[in-house]
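Q: First the structure, then my questions, so here it is.
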Amino acid sequence: MSTPQLVVHRDKELMAQAAAARLITKVVDAQASRGSASVVLTGGRNGNGLLAALAAAPARDAVDWARLDVWWGDERFLPEGDPERNVTQARAALLDSVPLDPKRVHPMPASDGPYGGDVDTAADAYAAELARAAGPENHGAVPTFDVLMLGVGPDTHVASLFPELPGVRETERTVVGVHGAPKPPPTRVSLTLPAIRAAREVWLLAAGEDKAQAAQIALSGAGEIQAPAAGAYGRQRTLWLLDAAAASGLPRSLYPPASA
Ligand SMILES: O=C1O[C@H](COP(=O)(O)O)[C@@H](O)[C@H](O)[C@H]1O
């Protein structure tokens with residue numbers, strides 16, 4: 001488990017731009033040292049803001065997009081192309097404008113896909129896809145992602161792991177079907193905490209006043225069942241990327257004075 005490090009930016013626009021620059025560097029470095037890179041995308045306002053900032057960054061051309069594997073941390077279980085699906089939003093924000101290898105893009109199943117409306121079978125299928133991609137050098141049933149991003153919800157949810165629901169209690173499976181999520185839509189697919197923790201780096205994104213309480217709770221020693229964001233950490237690094245509004249309830253001793 002890596003201890004969370006915090007970086008606080010002036011506002012959400014700057015946070016998105018700085019996080020996009022950080023992601024470009026991380027992917028370029030991973031491609032230089034291992035030949036390819038893998039990232040796990042998040043949905044939500046902050047995740048899409050980062051992707052839009054990346055699309056607008058001239059340095060995006062430094063990435064070898066054909067050698068990037070793209071996975072998702074969670075998905076709203078809706079029909080293909082639905083505007084509320086995380087993959088639909090990610091395609092619009094970035095993915096449709098960069099030359100990715102379609103074989104390396106791994107969206108989670110849709111509710112009108114091969115598994116129909118059976119979200120649990122769809123989750124098992126995504127777990128199997130992850131397991132196929134995990135090599136002997138990986139430590140478990142998922143690849144060792146270079147960077148896994150998570151938007152933090154106002155209730156401290158990450159991916160589609162909501163406080164107290166069964167998904168956040170899962171200790172064996174890497175992917176679960178989520179029923180009865182408090183945020184619409186109620187049916188979702190999500191990586192579990194054990195899968196999230198397989199990543200080298202986990203970045204938690206929180207911008208806006210409505211994230212201040214969540215950041216405060218998750219970073220003040222709360223348990224992961226009550227505050228799923230508290231249980232999200234990477235093997236090598238756990239980074240909270242915040243704006244000043246989201247950090248407003250945190251003690252200044254938690255982050256360097258120069259960063260906000
Ligand atoms: O529904 C979801 O919400 C969270 C957080 O979204 P935000 O708009 O409050 O930032 C997101 O991380 C997750 O991927 C998404 O499915």
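Chain labels A, B, ... are given in the sequence in which chains occur in the structure tokens; within each chain residues are numbered consecutively from 1, and ligands are likewise numbered from 1 in the order shown.
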What residues have any atom no more than 7 Å from ligand 1 when counting only C-alpha atoms and all ligand atoms, and can you list them as a PyMOL selection string?
A: chain A and resi 42-47+73-76+86+150-154+157-160+183+206
Q: Excluding same-chain residues fewer than 3 positions from Ile225 (chain A), what lies within 6 Å of it counting only C-alpha atoms, as an mmCIF file with C-alpha atoms, in the first residue's frame?
A:
data_model
loop_
_atom_site.group_PDB
_atom_site.id
_atom_site.type_symbol
_atom_site.label_atom_id
_atom_site.label_comp_id
_atom_site.auth_asym_id
_atom_site.auth_seq_id
_atom_site.Cartn_x
_atom_site.Cartn_y
_atom_site.Cartn_z
ATOM 1 C CA PRO A 163 -20.341 3.038 0.321
ATOM 2 C CA GLU A 164 -21.669 -0.056 2.077
ATOM 3 C CA PRO A 228 -14.477 3.476 -0.934
#
Q: As a PyMOL selection string, list the residues of region 111-259 of chain A assigned to strand (DSSP E) by DSSP on the backbone atoms of this structure.
A: chain A and resi 147-151+175-178+188-191+201-206+237-243
Q: Could you write those residues out with C-alpha atoms, as a PDB file, in the first residue's frame?
A:
ATOM      1  CA  VAL A 147      -1.985   4.485 -14.350  1.00  0.00           C
ATOM      2  CA  LEU A 148      -5.496   3.882 -13.074  1.00  0.00           C
ATOM      3  CA  MET A 149      -7.642   7.002 -12.707  1.00  0.00           C
ATOM      4  CA  LEU A 150     -10.657   7.351 -10.466  1.00  0.00           C
ATOM      5  CA  GLY A 151     -13.065  10.238 -10.157  1.00  0.00           C
ATOM      6  CA  VAL A 175     -14.945  -7.142 -11.713  1.00  0.00           C
ATOM      7  CA  VAL A 176     -18.492  -7.064 -10.344  1.00  0.00           C
ATOM      8  CA  GLY A 177     -21.961  -6.275 -11.584  1.00  0.00           C
ATOM      9  CA  VAL A 178     -23.461  -3.481  -9.491  1.00  0.00           C
ATOM     10  CA  ARG A 188     -23.259  -0.773 -13.499  1.00  0.00           C
ATOM     11  CA  VAL A 189     -20.051  -2.761 -13.992  1.00  0.00           C
ATOM     12  CA  SER A 190     -17.042  -2.003 -11.816  1.00  0.00           C
ATOM     13  CA  LEU A 191     -13.487  -3.050 -11.077  1.00  0.00           C
ATOM     14  CA  GLU A 201      -0.173   4.217  -9.854  1.00  0.00           C
ATOM     15  CA  VAL A 202      -3.686   5.149  -8.768  1.00  0.00           C
ATOM     16  CA  TRP A 203      -4.729   8.756  -9.316  1.00  0.00           C
ATOM     17  CA  LEU A 204      -7.841  10.068  -7.585  1.00  0.00           C
ATOM     18  CA  LEU A 205      -9.370  13.156  -9.164  1.00  0.00           C
ATOM     19  CA  ALA A 206     -11.470  15.550  -7.129  1.00  0.00           C
ATOM     20  CA  ARG A 237       2.011   5.480  -5.849  1.00  0.00           C
ATOM     21  CA  THR A 238      -1.345   6.888  -4.781  1.00  0.00           C
ATOM     22  CA  LEU A 239      -1.880  10.408  -5.937  1.00  0.00           C
ATOM     23  CA  TRP A 240      -4.790  12.662  -5.091  1.00  0.00           C
ATOM     24  CA  LEU A 241      -5.147  15.445  -7.672  1.00  0.00           C
ATOM     25  CA  LEU A 242      -7.422  18.151  -6.320  1.00  0.00           C
ATOM     26  CA  ASP A 243      -8.422  21.709  -6.924  1.00  0.00           C
TER      27      ASP A 243
END
Q: Using only C-alpha atoms, which of the listed residues (A:Arg85, A:Arg104, A:His9, A:Arg132) sits closest to Ala246 (chain A)?
A: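 Distance minimum relative to Ala246 (chain A) lands on A:His9.
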Q: With only C-alpha atoms as the basis for distance, which of A:Asp120, A:Asp69, A:Glu224, A:Glu84 is at the shortest distance from Ser36 (chain A)?
A: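 Smallest distance to Ser36 (chain A) is found for A:Asp69.
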Q: Please indicate the distance in Å from CA of Ala244 (chain A) to CA of Gln17 (chain A), rounded to one decimal place.
A: 14.7 Å
Q: Please identify all polymer residues within 8 Å of region 48-59 of chain A, counting only C-alpha atoms, omitting same-chain residues fewer than 4 positions from it, and present them as a count of residues only.
A: 16
Q: Let me make sure I understand: among A:Ala198, A:Ala215, A:Leu165, A:Ala62, which one has the smallest atom-to-atom distance to Pro182 (chain A) if we use only C-alpha atoms?
A: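 For Pro182 (chain A), the nearest of the given residues is A:Leu165.
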Q: For Arg22 (chain A), which residue out of A:Arg60, A:Arg34, A:Ala181, A:Trp72 is the nearest one, using only C-alpha atoms?
A: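 Answer, going by the shortest atom-to-atom distance: A:Arg60.
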Q: What is the CA of Val28 (chain A)-CA of Gly234 (chain A) distance in Å, reported with one decimal?
A: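 The value is 19.2 Å.
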Q: Smallest atom-to-atom distance to Leu161 (chain A): which of A:Gly231, A:Pro83, A:Pro109, A:Pro102, using only C-alpha atoms?
A: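 Answer, going by the shortest atom-to-atom distance: A:Gly231.
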Q: Restricting the calculation to only C-alpha atoms, which member of A:Phe77, A:Arg197, A:Gly113, A:Ala133 is positioned closest to His179 (chain A)?
A: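 Of A:Phe77, A:Arg197, A:Gly113, A:Ala133, the one nearest His179 (chain A), counting only C-alpha atoms, is A:Phe77.
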